[in-house]
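Visitor: Sending over a structure as structure tokens; questions will come in a sec.
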Amino acid sequence: MILDGQRTRLVAAAIGARDRAYAPYSGYLVGAALLTDDGTIVIGCNVENASYGATICAERVALTRAVAEGRRGFVAMAVATADGGSPCGICRQVMVELGPQMVVFVSDTAGHHRTTTVQALLPDAFDGSALKSAERS
Ligand code: THU
């Protein structure tokens, strides 16, 4: 369960993280903020590249950064964009991998947000179980 104060702090952190975005190609600034079960917030922003496919979304920056810092137990993520845009498909897949139980707050820059979950964003996800049980021949 996420307390109102934590939700407000998380959304504000995601909005603030947009200031760090490196988005010279799209001009679309995205901030993400990840909440761990010990109350830590880890932020991410999108980092674009002249080779467009090398761009990394804010959500995946926050998640991979947190893992590299030795953090797990992700309970919530806030994502902030100018228009309150929803996380992309690749990010949803990474959220399923690392934080399948997360609550997700999708916010605009005024802090108006909707609340959803990783399960709702990516139902019937590929979870790798097929890999573990695959016959190797
Ligand atoms: N972007 C994100 O950071 N997260 C998303 O979930 C959607 C897209 C970024 C990638 C790119 O830098 C810009 O937004 C436009 O696609």
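For the structure tokens, the naming scheme is as follows: chains receive sequential letters (A, B, ...) according to their order of presentation, residues are indexed from 1 within each chain, and ligands are indexed from 1 in presentation order.
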Name each residue within 9 Å of ligand 1, counting only C-alpha atoms and all ligand atoms, as a PyMOL selection string.
Guide: chain A and resi 21-32+44-49+52+55-61+79-81+85-92
Visitor: Please identify which residues in chain A DSSP calls strand (DSSP E or B) from the backbone, and express them as a VMD selection string.
Guide: chain A and resid 22 31 to 36 41 to 45 47 56 74 to 80 103 to 107 113 to 117
Visitor: Provide the CA of Pro100 (chain A) to CA of Gly53 (chain A) distance in Å, to one decimal place.
Guide: 25.3 Å
Visitor: Enumerate, as JSON, numbers by chain, the complete set of residues in chain A that a backbone-based DSSP assignment places in helix (DSSP H, G or I).
Guide: {"A": [4, 5, 6, 7, 8, 9, 10, 11, 12, 13, 14, 15, 16, 17, 18, 19, 20, 52, 53, 54, 58, 59, 60, 61, 62, 63, 64, 65, 66, 67, 68, 89, 90, 91, 92, 93, 94, 95, 96, 97, 98, 118, 119, 120, 121, 129, 130, 131, 132, 133]}
Visitor: Counting only C-alpha atoms, figure out which residue out of A:Asp108, A:Ala14, A:Gly70, A:Ala125 gets nearest to Met95 (chain A).
Guide: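 When distances to Met95 (chain A) are compared using only C-alpha atoms, the smallest one comes from A:Ala125.
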Visitor: Return the single residue from A:Gln119, A:Thr36, A:Gln6, A:Ser107 that is closest to Glu69 (chain A), with distances computed using only C-alpha atoms.
Guide: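 Answer, going by the shortest atom-to-atom distance: A:Thr36.
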Visitor: Please indicate the distance in Å from CA of Leu131 (chain A) to CA of Val94 (chain A), rounded to one decimal place.
Guide: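 Taking CA of Leu131 (chain A) as the start and CA of Val94 (chain A) as the end point, the length is 16.3 Å.
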Visitor: So how far away is CA of Ala62 (chain A) from CA of Phe126 (chain A), in Å?
Guide: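 Taking CA of Phe126 (chain A) as the start and CA of Ala62 (chain A) as the end point, the length is 21.4 Å.
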Visitor: Counting only C-alpha atoms, figure out which residue out of A:Leu98, A:Ala50, A:Ala76, A:Ala82 gets nearest to Arg9 (chain A).
Guide: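 Looking only at the distances to Arg9 (chain A), the closest residue turns out to be A:Ala76.
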Visitor: With only C-alpha atoms as the basis for distance, which of A:Ala110, A:Glu97, A:Asp37, A:Arg72 is at the shortest distance from Thr8 (chain A)?
Guide: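 Among A:Ala110, A:Glu97, A:Asp37, A:Arg72, it is A:Ala110 that comes nearest to Thr8 (chain A).
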Visitor: Select, from A:Asp83, A:Ala120, A:Arg7, A:Ala66, the residue with the minimum atom-to-atom distance to Gln101 (chain A), counting only C-alpha atoms.
Guide: A:Ala120
